[in-house]
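Chemist: For reference, the file upload.cif (mmCIF, C-alpha atoms) is included below:
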```
data_target
loop_
_atom_site.label_atom_id
_atom_site.label_comp_id
_atom_site.auth_asym_id
_atom_site.auth_seq_id
_atom_site.Cartn_x
_atom_site.Cartn_y
_atom_site.Cartn_z
CA MET T 111 27.33 18.21 30.11
CA THR T 112 28.91 21.64 30.44
CA ALA T 113 27.67 24.06 33.05
CA ARG T 114 27.67 27.32 31.19
CA ARG T 115 28.42 30.65 32.81
CA ASP T 116 25.58 33.09 32.58
CA ALA T 117 26.97 36.03 34.56
CA GLY T 118 25.90 39.27 32.92
CA ARG T 119 23.07 37.59 31.00
CA PRO T 120 19.62 39.06 31.74
CA ARG T 121 17.81 36.86 34.22
CA GLY T 122 14.64 35.98 32.37
CA LYS T 123 11.58 34.48 34.08
CA PRO T 124 11.92 31.29 32.03
CA ILE T 125 15.18 30.43 33.78
CA GLU T 126 13.63 31.08 37.18
CA ARG T 127 10.73 28.85 36.30
CA ALA T 128 13.08 26.14 35.04
CA ILE T 129 15.08 26.26 38.28
CA LEU T 130 11.97 26.08 40.44
CA ALA T 131 10.56 23.22 38.34
CA ALA T 132 13.84 21.33 38.68
CA THR T 133 13.71 21.94 42.43
CA LEU T 134 10.25 20.37 42.64
CA GLY T 135 11.62 17.41 40.70
CA GLU T 136 14.53 17.06 43.14
CA LEU T 137 12.12 17.32 46.04
CA ALA T 138 9.96 14.57 44.61
CA GLU T 139 12.90 12.28 43.90
CA HIS T 140 15.14 12.89 46.90
CA GLY T 141 13.01 14.54 49.61
CA VAL T 142 13.73 17.89 51.25
CA ASP T 143 17.03 16.72 52.75
CA GLY T 144 18.24 15.40 49.39
CA VAL T 145 17.66 18.49 47.23
CA SER T 146 20.99 19.20 45.49
CA ILE T 147 21.73 22.66 44.10
CA PRO T 148 24.69 21.39 42.02
CA ARG T 149 22.36 18.84 40.36
CA ILE T 150 19.73 21.52 39.71
CA ALA T 151 22.39 23.80 38.21
CA LEU T 152 23.57 21.00 35.96
CA ALA T 153 20.04 20.12 34.84
CA CYS T 154 19.21 23.76 34.03
CA GLU T 155 22.63 24.43 32.49
CA VAL T 156 23.31 27.39 34.77
CA ASN T 157 26.11 28.14 37.16
CA LYS T 158 25.46 27.34 40.84
CA THR T 159 26.06 31.01 41.68
CA THR T 160 23.12 31.94 39.45
CA ILE T 161 20.93 29.97 41.82
CA TYR T 162 22.61 31.19 45.01
CA ARG T 163 22.31 34.81 43.88
CA ARG T 164 18.51 34.56 43.89
CA TRP T 165 18.04 32.00 46.67
CA PRO T 166 20.92 32.20 49.17
CA THR T 167 20.11 28.86 50.84
CA ARG T 168 18.66 25.52 49.82
CA GLU T 169 15.76 26.19 52.20
CA ALA T 170 14.95 29.47 50.44
CA LEU T 171 15.03 27.71 47.07
CA VAL T 172 12.75 24.89 48.19
CA ALA T 173 10.37 27.38 49.84
CA ALA T 174 10.20 29.39 46.60
CA ALA T 175 9.49 26.28 44.55
CA LEU T 176 6.72 25.20 46.91
CA GLU T 177 5.32 28.71 47.09
CA GLY T 178 4.86 28.71 43.34
CA ALA T 179 3.19 25.32 43.35
CA LEU T 180 0.88 26.19 46.24
CA ARG T 181 -0.10 29.60 44.88
CA GLU T 182 -1.64 27.88 41.89
CA SER T 183 -3.75 25.51 43.99
CA ALA T 184 -4.79 28.26 46.46
CA GLU T 185 -6.12 30.31 43.56
CA GLU T 186 -8.47 27.48 42.70
CA LEU T 187 -10.22 27.79 46.08
CA ARG T 188 -12.87 30.20 44.85
CA ASP T 189 -16.31 30.87 46.32
CA THR T 190 -18.73 28.24 44.99
CA GLY T 191 -21.71 29.69 46.87
CA SER T 192 -22.00 26.96 49.55
CA LEU T 193 -19.87 25.29 52.20
CA ARG T 194 -20.51 21.94 50.53
CA GLY T 195 -19.23 23.22 47.20
CA ASP T 196 -16.25 24.97 48.77
CA LEU T 197 -15.26 21.80 50.66
CA ARG T 198 -15.61 19.62 47.55
CA LEU T 199 -13.22 21.99 45.80
CA LEU T 200 -10.80 21.96 48.77
CA VAL T 201 -10.74 18.16 48.86
CA GLY T 202 -10.12 18.11 45.11
CA VAL T 203 -7.22 20.58 45.35
CA ILE T 204 -5.53 18.69 48.21
CA THR T 205 -6.04 15.35 46.46
CA ALA T 206 -4.57 16.73 43.22
CA ARG T 207 -1.53 17.97 45.09
CA LEU T 208 -0.97 14.57 46.74
CA ALA T 209 -1.30 12.89 43.34
CA SER T 210 2.19 14.16 42.41
CA PRO T 211 5.37 12.68 43.87
CA ALA T 212 6.49 16.20 44.83
CA GLY T 213 3.27 16.78 46.77
CA ARG T 214 3.62 13.49 48.63
CA ALA T 215 7.30 14.20 49.34
CA LEU T 216 6.39 17.56 50.84
CA ALA T 217 3.69 16.06 53.05
CA ARG T 218 6.05 13.33 54.29
CA ALA T 219 8.82 15.87 54.87
CA ALA T 220 6.47 18.10 56.84
CA MET T 221 5.66 15.15 59.13
CA SER T 222 9.21 13.81 59.41
CA GLU T 223 11.19 13.76 62.63
CA GLN T 224 14.41 15.08 61.13
CA SER T 225 14.94 18.68 60.18
CA ALA T 226 11.79 19.63 62.05
CA ALA T 227 12.78 23.28 62.35
CA GLU T 228 13.89 23.56 58.74
CA VAL T 229 10.83 21.83 57.33
CA GLY T 230 8.53 23.59 59.77
CA ALA T 231 9.77 26.92 58.46
CA LEU T 232 9.17 25.76 54.89
CA ALA T 233 5.69 24.56 55.71
CA ARG T 234 4.81 27.79 57.45
CA ASP T 235 6.16 30.07 54.78
CA PRO T 236 4.46 28.78 51.64
CA GLY T 237 1.55 27.61 53.76
CA VAL T 238 0.53 31.18 54.52
CA ARG T 239 -1.07 31.66 51.15
CA GLU T 240 -3.05 28.43 51.49
CA GLN T 241 -4.06 29.33 55.00
CA ASP T 242 -5.39 32.63 53.66
CA ALA T 243 -7.59 30.64 51.31
CA ALA T 244 -8.79 28.42 54.16
CA VAL T 245 -9.52 31.44 56.36
CA ALA T 246 -11.57 32.94 53.53
CA LEU T 247 -13.49 29.65 53.14
CA VAL T 248 -14.36 29.68 56.85
CA ALA T 249 -15.35 33.36 56.74
CA ARG T 250 -17.71 32.72 53.81
CA ALA T 251 -19.32 29.75 55.61
CA THR T 252 -19.70 31.82 58.78
CA ALA T 253 -21.36 34.65 56.84
CA ARG T 254 -23.74 32.15 55.22
CA GLY T 255 -24.69 30.77 58.66
CA GLU T 256 -23.17 27.38 57.82
CA TRP T 257 -20.36 27.39 60.39
CA ASP T 258 -20.10 28.69 63.95
CA PRO T 259 -16.32 29.00 64.43
CA ALA T 260 -16.77 29.69 68.16
CA ARG T 261 -18.24 26.21 68.59
CA HIS T 262 -16.19 24.39 65.93
CA ALA T 263 -12.65 25.76 65.87
CA PRO T 264 -11.43 25.97 62.25
CA ASP T 265 -7.99 24.47 63.01
CA ALA T 266 -9.58 21.25 64.29
CA VAL T 267 -12.01 20.96 61.37
CA LEU T 268 -9.35 21.67 58.75
CA ALA T 269 -7.06 19.08 60.40
CA MET T 270 -9.83 16.49 59.98
CA ILE T 271 -10.16 17.30 56.28
CA VAL T 272 -6.47 17.50 55.37
CA GLY T 273 -5.50 14.73 57.81
CA GLY T 274 -8.27 12.44 56.55
CA ILE T 275 -6.94 12.75 53.00
CA LEU T 276 -3.32 12.26 54.16
CA HIS T 277 -4.42 9.10 56.02
CA ARG T 278 -6.13 7.78 52.90
CA VAL T 279 -3.27 8.53 50.48
CA LEU T 280 -0.08 8.08 52.56
CA LEU T 281 -1.11 5.49 55.14
CA GLU T 282 -3.86 3.39 53.52
CA ARG T 283 -2.31 4.04 50.08
CA LEU T 284 -5.76 4.05 48.49
CA PRO T 285 -7.21 6.54 45.99
CA VAL T 286 -9.55 9.35 47.02
CA THR T 287 -12.66 8.28 45.07
CA PRO T 288 -15.63 10.64 44.59
CA GLU T 289 -17.68 8.43 46.94
CA TRP T 290 -15.00 8.53 49.66
CA ALA T 291 -14.62 12.31 49.32
CA GLU T 292 -18.40 12.81 49.51
CA VAL T 293 -18.59 10.98 52.87
CA LEU T 294 -15.92 13.29 54.27
CA VAL T 295 -17.64 16.42 52.94
CA ASP T 296 -21.08 15.25 54.11
CA VAL T 297 -19.90 14.53 57.67
CA ILE T 298 -18.24 17.95 57.92
CA VAL T 299 -21.17 19.90 56.43
CA CYS T 300 -23.79 18.10 58.55
CA GLY T 301 -21.53 18.20 61.60
CA LEU T 302 -21.03 21.96 61.38
CA THR T 303 -24.61 22.99 60.61
CA PRO T 304 -25.48 24.88 63.78
CA ASP T 305 -29.15 23.91 64.15
CA ARG T 306 -28.34 21.27 66.71
CA PRO T 307 -27.74 22.03 70.39
CA PRO T 308 -24.32 21.05 71.78
CA ALA T 309 -24.38 17.80 73.77
CA MET W 64 29.02 -7.00 78.15
CA THR W 65 28.87 -10.76 77.65
CA ALA W 66 26.15 -12.28 75.53
CA ARG W 67 25.21 -15.37 77.46
CA ARG W 68 24.04 -18.56 75.82
CA ASP W 69 20.62 -19.65 76.88
CA ALA W 70 20.06 -22.75 74.73
CA GLY W 71 18.18 -25.34 76.75
CA ARG W 72 17.01 -22.77 79.27
CA PRO W 73 13.21 -22.58 79.60
CA ARG W 74 11.94 -19.64 77.58
CA GLY W 75 10.16 -17.59 80.19
CA LYS W 76 7.68 -14.88 79.33
CA PRO W 77 9.86 -12.24 81.02
CA ILE W 78 12.59 -12.66 78.39
CA GLU W 79 10.06 -12.43 75.59
CA ARG W 80 8.65 -9.28 77.12
CA ALA W 81 12.12 -7.81 77.54
CA ILE W 82 12.95 -8.52 73.89
CA LEU W 83 9.70 -6.98 72.66
CA ALA W 84 10.18 -3.93 74.91
CA ALA W 85 13.73 -3.50 73.59
CA THR W 86 12.34 -3.77 70.05
CA LEU W 87 9.88 -0.94 70.72
CA GLY W 88 12.80 1.11 72.05
CA GLU W 89 14.81 0.43 68.89
CA LEU W 90 11.80 1.33 66.78
CA ALA W 91 11.41 4.63 68.62
CA GLU W 92 15.09 5.50 68.36
CA HIS W 93 15.99 4.24 64.89
CA GLY W 94 12.72 3.76 62.97
CA VAL W 95 11.55 0.52 61.37
CA ASP W 96 14.51 0.34 58.98
CA GLY W 97 17.02 0.85 61.78
CA VAL W 98 15.85 -1.88 64.19
CA SER W 99 18.97 -3.97 64.97
CA ILE W 100 18.60 -7.52 66.30
CA PRO W 101 22.26 -7.66 67.41
CA ARG W 102 21.72 -4.52 69.50
CA ILE W 103 18.52 -5.96 70.99
CA ALA W 104 20.33 -9.20 71.82
CA LEU W 105 23.10 -7.25 73.53
CA ALA W 106 20.66 -5.12 75.52
CA CYS W 107 18.70 -8.18 76.69
CA GLU W 108 21.83 -10.26 77.28
CA VAL W 109 20.63 -13.09 75.06
CA ASN W 110 22.13 -14.73 72.01
CA LYS W 111 20.87 -13.49 68.64
CA THR W 112 19.71 -17.03 67.85
CA THR W 113 17.37 -16.85 70.85
CA ILE W 114 15.59 -14.03 69.08
CA TYR W 115 15.71 -15.61 65.62
CA ARG W 116 14.30 -18.87 66.97
CA ARG W 117 11.05 -17.15 67.98
CA TRP W 118 10.94 -14.44 65.32
CA PRO W 119 12.72 -15.59 62.16
CA THR W 120 12.88 -12.10 60.60
CA ARG W 121 13.22 -8.55 61.79
CA GLU W 122 9.79 -7.86 60.34
CA ALA W 123 8.24 -10.65 62.43
CA LEU W 124 9.92 -9.28 65.56
CA VAL W 125 8.75 -5.71 64.93
CA ALA W 126 5.23 -6.94 64.14
CA ALA W 127 5.14 -8.92 67.40
CA ALA W 128 6.34 -5.92 69.40
CA LEU W 129 3.71 -3.69 67.84
CA GLU W 130 1.04 -6.33 68.22
CA GLY W 131 1.64 -6.38 71.95
CA ALA W 132 1.56 -2.60 72.22
CA LEU W 133 -1.59 -2.29 70.13
CA ARG W 134 -3.43 -5.10 71.89
CA GLU W 135 -3.27 -3.10 75.10
CA SER W 136 -4.74 0.02 73.54
CA ALA W 137 -7.44 -1.92 71.63
CA GLU W 138 -8.58 -3.46 74.89
CA GLU W 139 -9.28 0.02 76.22
CA LEU W 140 -11.86 0.63 73.49
CA ARG W 141 -14.79 -0.63 75.55
CA ASP W 142 -18.47 0.19 75.14
CA THR W 143 -19.19 3.48 76.92
CA GLY W 144 -22.89 3.44 76.03
CA SER W 145 -22.82 6.21 73.40
CA LEU W 146 -21.02 7.07 70.17
CA ARG W 147 -19.80 10.31 71.75
CA GLY W 148 -18.27 8.42 74.67
CA ASP W 149 -16.77 5.74 72.43
CA LEU W 150 -15.18 8.38 70.18
CA ARG W 151 -13.77 10.32 73.14
CA LEU W 152 -12.13 7.11 74.27
CA LEU W 153 -10.81 6.36 70.76
CA VAL W 154 -9.29 9.84 70.44
CA GLY W 155 -7.70 9.41 73.88
CA VAL W 156 -6.19 6.03 72.97
CA ILE W 157 -4.75 7.28 69.66
CA THR W 158 -3.41 10.45 71.29
CA ALA W 159 -1.76 8.42 74.07
CA ARG W 160 -0.09 6.19 71.49
CA LEU W 161 1.28 9.20 69.57
CA ALA W 162 2.60 10.66 72.83
CA SER W 163 5.41 8.05 72.83
CA PRO W 164 8.38 8.25 70.46
CA ALA W 165 7.70 4.62 69.43
CA GLY W 166 4.13 5.49 68.48
CA ARG W 167 5.20 8.47 66.42
CA ALA W 168 7.97 6.43 64.77
CA LEU W 169 5.43 3.77 63.75
CA ALA W 170 3.04 6.34 62.31
CA ARG W 171 5.83 8.00 60.33
CA ALA W 172 7.11 4.62 59.14
CA ALA W 173 3.62 3.59 58.05
CA MET W 174 3.42 6.74 55.89
CA SER W 175 7.00 6.61 54.57
CA GLU W 176 7.85 6.09 50.92
CA GLN W 177 10.58 3.55 51.54
CA SER W 178 9.89 -0.02 52.52
CA ALA W 179 6.27 0.46 51.61
CA ALA W 180 5.61 -3.26 51.23
CA GLU W 181 7.43 -4.20 54.42
CA VAL W 182 5.82 -1.50 56.52
CA GLY W 183 2.46 -2.06 54.89
CA ALA W 184 2.58 -5.67 55.97
CA LEU W 185 3.48 -4.62 59.51
CA ALA W 186 0.70 -2.07 59.63
CA ARG W 187 -1.84 -4.57 58.36
CA ASP W 188 -0.83 -7.37 60.65
CA PRO W 189 -0.91 -5.71 64.06
CA GLY W 190 -3.60 -3.39 62.79
CA VAL W 191 -6.12 -6.22 62.56
CA ARG W 192 -6.77 -6.22 66.26
CA GLU W 193 -7.32 -2.46 66.31
CA GLN W 194 -9.53 -2.68 63.29
CA ASP W 195 -11.62 -5.26 65.14
CA ALA W 196 -12.10 -2.72 67.91
CA ALA W 197 -13.07 -0.03 65.38
CA VAL W 198 -15.51 -2.41 63.65
CA ALA W 199 -17.11 -3.14 67.04
CA LEU W 200 -17.39 0.61 67.75
CA VAL W 201 -19.19 1.15 64.42
CA ALA W 202 -21.49 -1.85 65.02
CA ARG W 203 -22.49 -0.51 68.44
CA ALA W 204 -23.25 2.96 67.00
CA THR W 205 -25.27 1.38 64.17
CA ALA W 206 -27.28 -0.68 66.67
CA ARG W 207 -27.95 2.47 68.74
CA GLY W 208 -29.20 4.30 65.62
CA GLU W 209 -26.30 6.77 65.80
CA TRP W 210 -24.56 5.82 62.55
CA ASP W 211 -25.80 4.71 59.13
CA PRO W 212 -22.74 3.00 57.66
CA ALA W 213 -24.42 2.73 54.25
CA ARG W 214 -24.47 6.53 54.02
CA HIS W 215 -21.24 7.25 55.93
CA ALA W 216 -18.64 4.60 55.09
CA PRO W 217 -16.66 3.73 58.24
CA ASP W 218 -13.27 3.80 56.47
CA ALA W 219 -13.74 7.45 55.49
CA VAL W 220 -14.97 8.48 58.94
CA LEU W 221 -12.18 6.64 60.77
CA ALA W 222 -9.61 8.22 58.40
CA MET W 223 -10.92 11.66 59.42
CA ILE W 224 -10.51 10.83 63.11
CA VAL W 225 -7.08 9.15 62.97
CA GLY W 226 -5.83 11.47 60.21
CA GLY W 227 -7.02 14.56 62.05
CA ILE W 228 -4.99 13.56 65.10
CA LEU W 229 -1.94 12.67 62.97
CA HIS W 230 -2.18 16.10 61.31
CA ARG W 231 -2.31 17.80 64.71
CA VAL W 232 0.59 15.86 66.26
CA LEU W 233 2.98 15.15 63.36
CA LEU W 234 2.38 18.07 61.04
CA GLU W 235 1.25 20.97 63.23
CA ARG W 236 3.32 19.58 66.14
CA LEU W 237 0.72 20.84 68.61
CA PRO W 238 -0.83 18.98 71.54
CA VAL W 239 -4.28 17.37 71.38
CA THR W 240 -6.06 19.45 74.03
CA PRO W 241 -9.46 18.41 75.46
CA GLU W 242 -11.04 21.38 73.64
CA TRP W 243 -9.49 20.39 70.31
CA ALA W 244 -10.55 16.76 70.74
CA GLU W 245 -14.11 17.80 71.62
CA VAL W 246 -14.50 19.73 68.35
CA LEU W 247 -13.44 16.64 66.41
CA VAL W 248 -15.81 14.37 68.33
CA ASP W 249 -18.69 16.87 68.08
CA VAL W 250 -18.36 17.27 64.30
CA ILE W 251 -18.30 13.49 63.81
CA VAL W 252 -21.23 12.75 66.16
CA CYS W 253 -23.40 15.56 64.74
CA GLY W 254 -22.30 14.75 61.19
CA LEU W 255 -23.28 11.09 61.49
CA THR W 256 -26.62 11.51 63.27
CA PRO W 257 -28.95 10.31 60.56
CA ASP W 258 -31.92 12.65 61.14
CA ARG W 259 -30.91 14.86 58.26
CA PRO W 260 -31.69 14.08 54.61
CA PRO W 261 -28.68 13.72 52.27
CA ALA W 262 -28.04 16.81 50.18
#
```
Give the structure from this file in structure tokens form.

Modeler:
Amino acid sequence: MTARRDAGRPRGKPIERAILAATLGELAEHGVDGVSIPRIALACEVNKTTIYRRWPTREALVAAALEGALRESAEELRDTGSLRGDLRLLVGVITARLASPAGRALARAAMSEQSAAEVGALARDPGVREQDAAVALVARATARGEWDPARHAPDAVLAMIVGGILHRVLLERLPVTPEWAEVLVDVIVCGLTPDRPPA
Amino acid sequence: MTARRDAGRPRGKPIERAILAATLGELAEHGVDGVSIPRIALACEVNKTTIYRRWPTREALVAAALEGALRESAEELRDTGSLRGDLRLLVGVITARLASPAGRALARAAMSEQSAAEVGALARDPGVREQDAAVALVARATARGEWDPARHAPDAVLAMIVGGILHRVLLERLPVTPEWAEVLVDVIVCGLTPDRPPA
């Protein structure tokens, strides 16, 4: 295969998308630490410098690839009119992400011991958009009277939801069935409903 | 250092304990795939065959080391008289385990892509004893009228508890504070209390 020079050629969106897609593929196959820019350049038939010009470091490239993938899923987290509906959607979006090898590779990388700083930065950066969606979900539930965030801190509740799914998929290695997901959603919705005095 | 031969010597418990402790240290430092029997033999000043005689494979040795560590924590999961108390204890035991490098290494290994079969077998084997403790916790709550396991499947609820803590410690890399733990326990206890009709 010949790596062809593309200096001077207009940088179309399709090439960017191809590079980011190839990056997600690398991430899925080799993990964050194994992402190879030379291999991506070869696969997309561009010069390495074409990649480095847009994304100066491997970390920036991986972050951009993840950002694109996460933006899509965050956009799905619309207002369904109830906390129960919003949580069902959230569980579905997270489950769909973990259904792909790239999604599982990201989750494992984010929990890995090595390259904690590097991966932490990645997780924070593209995570912002998702966190915005989660903050909006909590704000809607609070406005509806379904969640008292002063009593039930959102970070703890969201950790139970995301962590529960990670436990199911990565540790138990079992599928998230509709029945399993409904138990999780039901416990959270009933647990948050503030018509019960604190113990 | 000289590896001394101990064939014919009575196999005292202290040597077994030393070998299993050294195995936990290896696990913490090198992960499941990096546990080295020669290094353990050297550290404990025994011949490798002394180890292989009791534990024919590295997997058996690691499983035995984990079994010992988990047995201790499972024994702490006593009946406190209420689901809330039992869950507080469970969260404390899991948090304490993840406070050690060996505990975090095991959790990461159990979720890793590589050596899925090997690690899965390890996780299942020593996990049995812990699962017994969890089953007893659920049975007590059911008997007290605090949990309807037909409506809220224990595997989903336990995944939310363990997964929530894993998310906090491994992914967010933040400490499990008493306030954070109380939100988790409160959501679960209120969510399970079966005085609310299913939606």

Chemist: Kindly assemble as a tab-separated table a list of the chain W residues that lie within 8 Å of chain T, each paired with its nearest atom pair and their distance in Å to one decimal, using all atoms listed in the file, sorted first by chain and then by ascending residue number.

Modeler:
```
residue	atom	partner	partner_atom	distance
W:Arg171	CA	T:Ser222	CA	6.8
W:Ala173	CA	T:Leu281	CA	5.9
W:Met174	CA	T:Leu281	CA	4.8
W:Ser175	CA	T:Arg218	CA	6.8
W:Arg214	CA	T:Val293	CA	7.5
W:His215	CA	T:Val293	CA	5.5
W:Ala216	CA	T:Val293	CA	6.8
W:Ala219	CA	T:Trp290	CA	6.1
W:Val220	CA	T:Leu294	CA	6.8
W:Ala222	CA	T:Gly274	CA	4.8
W:Met223	CA	T:Gly274	CA	4.0
W:Ile224	CA	T:Met270	CA	6.5
W:Val225	CA	T:Gly274	CA	7.3
W:Gly226	CA	T:Gly273	CA	4.1
W:Gly227	CA	T:Met270	CA	4.0
W:Ile228	CA	T:Gly273	CA	7.4
W:Leu229	CA	T:Gly273	CA	6.6
W:His230	CA	T:Gly273	CA	5.0
W:Arg231	CA	T:Ala269	CA	6.5
W:Leu233	CA	T:Met221	CA	5.0
W:Leu234	CA	T:Met221	CA	4.8
W:Trp243	CA	T:Ala266	CA	6.1
W:Ala244	CA	T:Ala266	CA	7.9
W:Val246	CA	T:His262	CA	5.5
W:Leu247	CA	T:Ala266	CA	6.4
W:Asp249	CA	T:Gly301	CA	7.2
W:Val250	CA	T:Gly301	CA	4.3
W:Ile251	CA	T:Gly301	CA	6.1
W:Val252	CA	T:Gly301	CA	7.1
W:Cys253	CA	T:Gly301	CA	4.5
W:Gly254	CA	T:Gly301	CA	3.6
W:Leu255	CA	T:Val297	CA	6.2
W:Arg259	CA	T:Cys300	CA	7.8
W:Pro261	CA	T:Asp296	CA	8.0
```

Chemist: So how many Å separate CA of Thr205 (chain W) and CA of Val154 (chain W), to one decimal?

Modeler: 19.1 Å

Chemist: Using all atoms listed in the file, which residues sit within 9 Å of region 99-106 of chain W once same-chain residues fewer than 2 positions away are excluded, as an mmCIF file with C-alpha atoms, keeping the file's coordinate frame?

Modeler:
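Generated file (result_13.cif):
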```
data_model
loop_
_atom_site.group_PDB
_atom_site.id
_atom_site.type_symbol
_atom_site.label_atom_id
_atom_site.label_comp_id
_atom_site.auth_asym_id
_atom_site.auth_seq_id
_atom_site.Cartn_x
_atom_site.Cartn_y
_atom_site.Cartn_z
ATOM 1 C CA MET W 64 29.020 -7.000 78.150
ATOM 2 C CA THR W 65 28.870 -10.760 77.650
ATOM 3 C CA ALA W 66 26.150 -12.280 75.530
ATOM 4 C CA ILE W 82 12.950 -8.520 73.890
ATOM 5 C CA ALA W 85 13.730 -3.500 73.590
ATOM 6 C CA THR W 86 12.340 -3.770 70.050
ATOM 7 C CA GLU W 89 14.810 0.430 68.890
ATOM 8 C CA HIS W 93 15.990 4.240 64.890
ATOM 9 C CA ASP W 96 14.510 0.340 58.980
ATOM 10 C CA GLY W 97 17.020 0.850 61.780
ATOM 11 C CA GLU W 108 21.830 -10.260 77.280
ATOM 12 C CA VAL W 109 20.630 -13.090 75.060
ATOM 13 C CA ASN W 110 22.130 -14.730 72.010
ATOM 14 C CA LYS W 111 20.870 -13.490 68.640
ATOM 15 C CA THR W 112 19.710 -17.030 67.850
ATOM 16 C CA THR W 113 17.370 -16.850 70.850
ATOM 17 C CA ILE W 114 15.590 -14.030 69.080
ATOM 18 C CA TYR W 115 15.710 -15.610 65.620
ATOM 19 C CA ARG W 121 13.220 -8.550 61.790
ATOM 20 C CA LEU W 124 9.920 -9.280 65.560
#
```

Chemist: One decimal, in Å: what's the spacing between CA of Gly213 (chain T) and CA of Ala138 (chain T)?

Modeler: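 A separation of 7.4 Å between them.
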
Chemist: Would you kindly identify which residues have an atom no farther than 7 Å from (8.5, 0.4, 64.9), using all atoms listed in the file and the file's own coordinates, and write them out as a PyMOL selection string?

Modeler: chain W and resi 87+90-91+94-95+125+129+165+168-169

Chemist: Could you write out the selected residues, including C-alpha atoms, as an mmCIF file, in the coordinates of the input?

Modeler:
```
data_model
loop_
_atom_site.group_PDB
_atom_site.id
_atom_site.type_symbol
_atom_site.label_atom_id
_atom_site.label_comp_id
_atom_site.auth_asym_id
_atom_site.auth_seq_id
_atom_site.Cartn_x
_atom_site.Cartn_y
_atom_site.Cartn_z
ATOM 1 C CA LEU W 87 9.880 -0.940 70.720
ATOM 2 C CA LEU W 90 11.800 1.330 66.780
ATOM 3 C CA ALA W 91 11.410 4.630 68.620
ATOM 4 C CA GLY W 94 12.720 3.760 62.970
ATOM 5 C CA VAL W 95 11.550 0.520 61.370
ATOM 6 C CA VAL W 125 8.750 -5.710 64.930
ATOM 7 C CA LEU W 129 3.710 -3.690 67.840
ATOM 8 C CA ALA W 165 7.700 4.620 69.430
ATOM 9 C CA ALA W 168 7.970 6.430 64.770
ATOM 10 C CA LEU W 169 5.430 3.770 63.750
#
```

Chemist: Rank nothing, just name the residue among T:Ile204, T:Asp189, T:Arg163, T:Ala209 nearest to Leu247 (chain T), using only C-alpha atoms.

Modeler: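 Result for the nearest residue to Leu247 (chain T): T:Asp189.
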
Chemist: Go through W:Leu237, W:Ala84, W:Ala196, W:Ala213 one by one, measure the shortest atom-to-atom distance of each to Arg141 (chain W) using only C-alpha atoms, and give the residue with the smallest value.

Modeler: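 The shortest atom-to-atom distance to Arg141 (chain W) comes from W:Ala196.
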
Chemist: Find the distance between CA of Leu187 (chain T) and CA of Leu200 (chain T) and write it in Å to one decimal.

Modeler: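 About the pair CA of Leu187 (chain T) and CA of Leu200 (chain T): they are 6.4 Å apart.
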
Chemist: Write region 77-88 of chain W as a compact mmCIF listing (two decimals), in the coordinates of the input, completed to N, CA and C atoms.

Modeler:
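Contents of result_39.txt, freshly written:
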```txt
# COMPACT_ATOMS: atom_id res chain seq x y z
N PRO W 77 9.14 -13.50 80.76
CA PRO W 77 9.86 -12.24 81.02
C PRO W 77 10.89 -11.92 79.94
N ILE W 78 11.59 -12.93 79.43
CA ILE W 78 12.59 -12.66 78.39
C ILE W 78 11.90 -12.20 77.12
N GLU W 79 10.80 -12.87 76.78
CA GLU W 79 10.06 -12.43 75.59
C GLU W 79 9.64 -10.98 75.73
N ARG W 80 9.11 -10.66 76.90
CA ARG W 80 8.65 -9.28 77.12
C ARG W 80 9.81 -8.30 77.04
N ALA W 81 10.95 -8.70 77.58
CA ALA W 81 12.12 -7.81 77.54
C ALA W 81 12.56 -7.58 76.10
N ILE W 82 12.54 -8.66 75.29
CA ILE W 82 12.95 -8.52 73.89
C ILE W 82 11.98 -7.61 73.14
N LEU W 83 10.68 -7.80 73.38
CA LEU W 83 9.70 -6.98 72.66
C LEU W 83 9.78 -5.51 73.12
N ALA W 84 10.04 -5.31 74.41
CA ALA W 84 10.18 -3.93 74.91
C ALA W 84 11.41 -3.29 74.29
N ALA W 85 12.51 -4.04 74.20
CA ALA W 85 13.73 -3.50 73.59
C ALA W 85 13.49 -3.19 72.11
N THR W 86 12.66 -4.01 71.46
CA THR W 86 12.34 -3.77 70.05
C THR W 86 11.57 -2.46 69.88
N LEU W 87 10.62 -2.21 70.78
CA LEU W 87 9.88 -0.94 70.72
C LEU W 87 10.83 0.24 70.92
N GLY W 88 11.81 0.06 71.82
CA GLY W 88 12.80 1.11 72.05
C GLY W 88 13.62 1.38 70.80
```
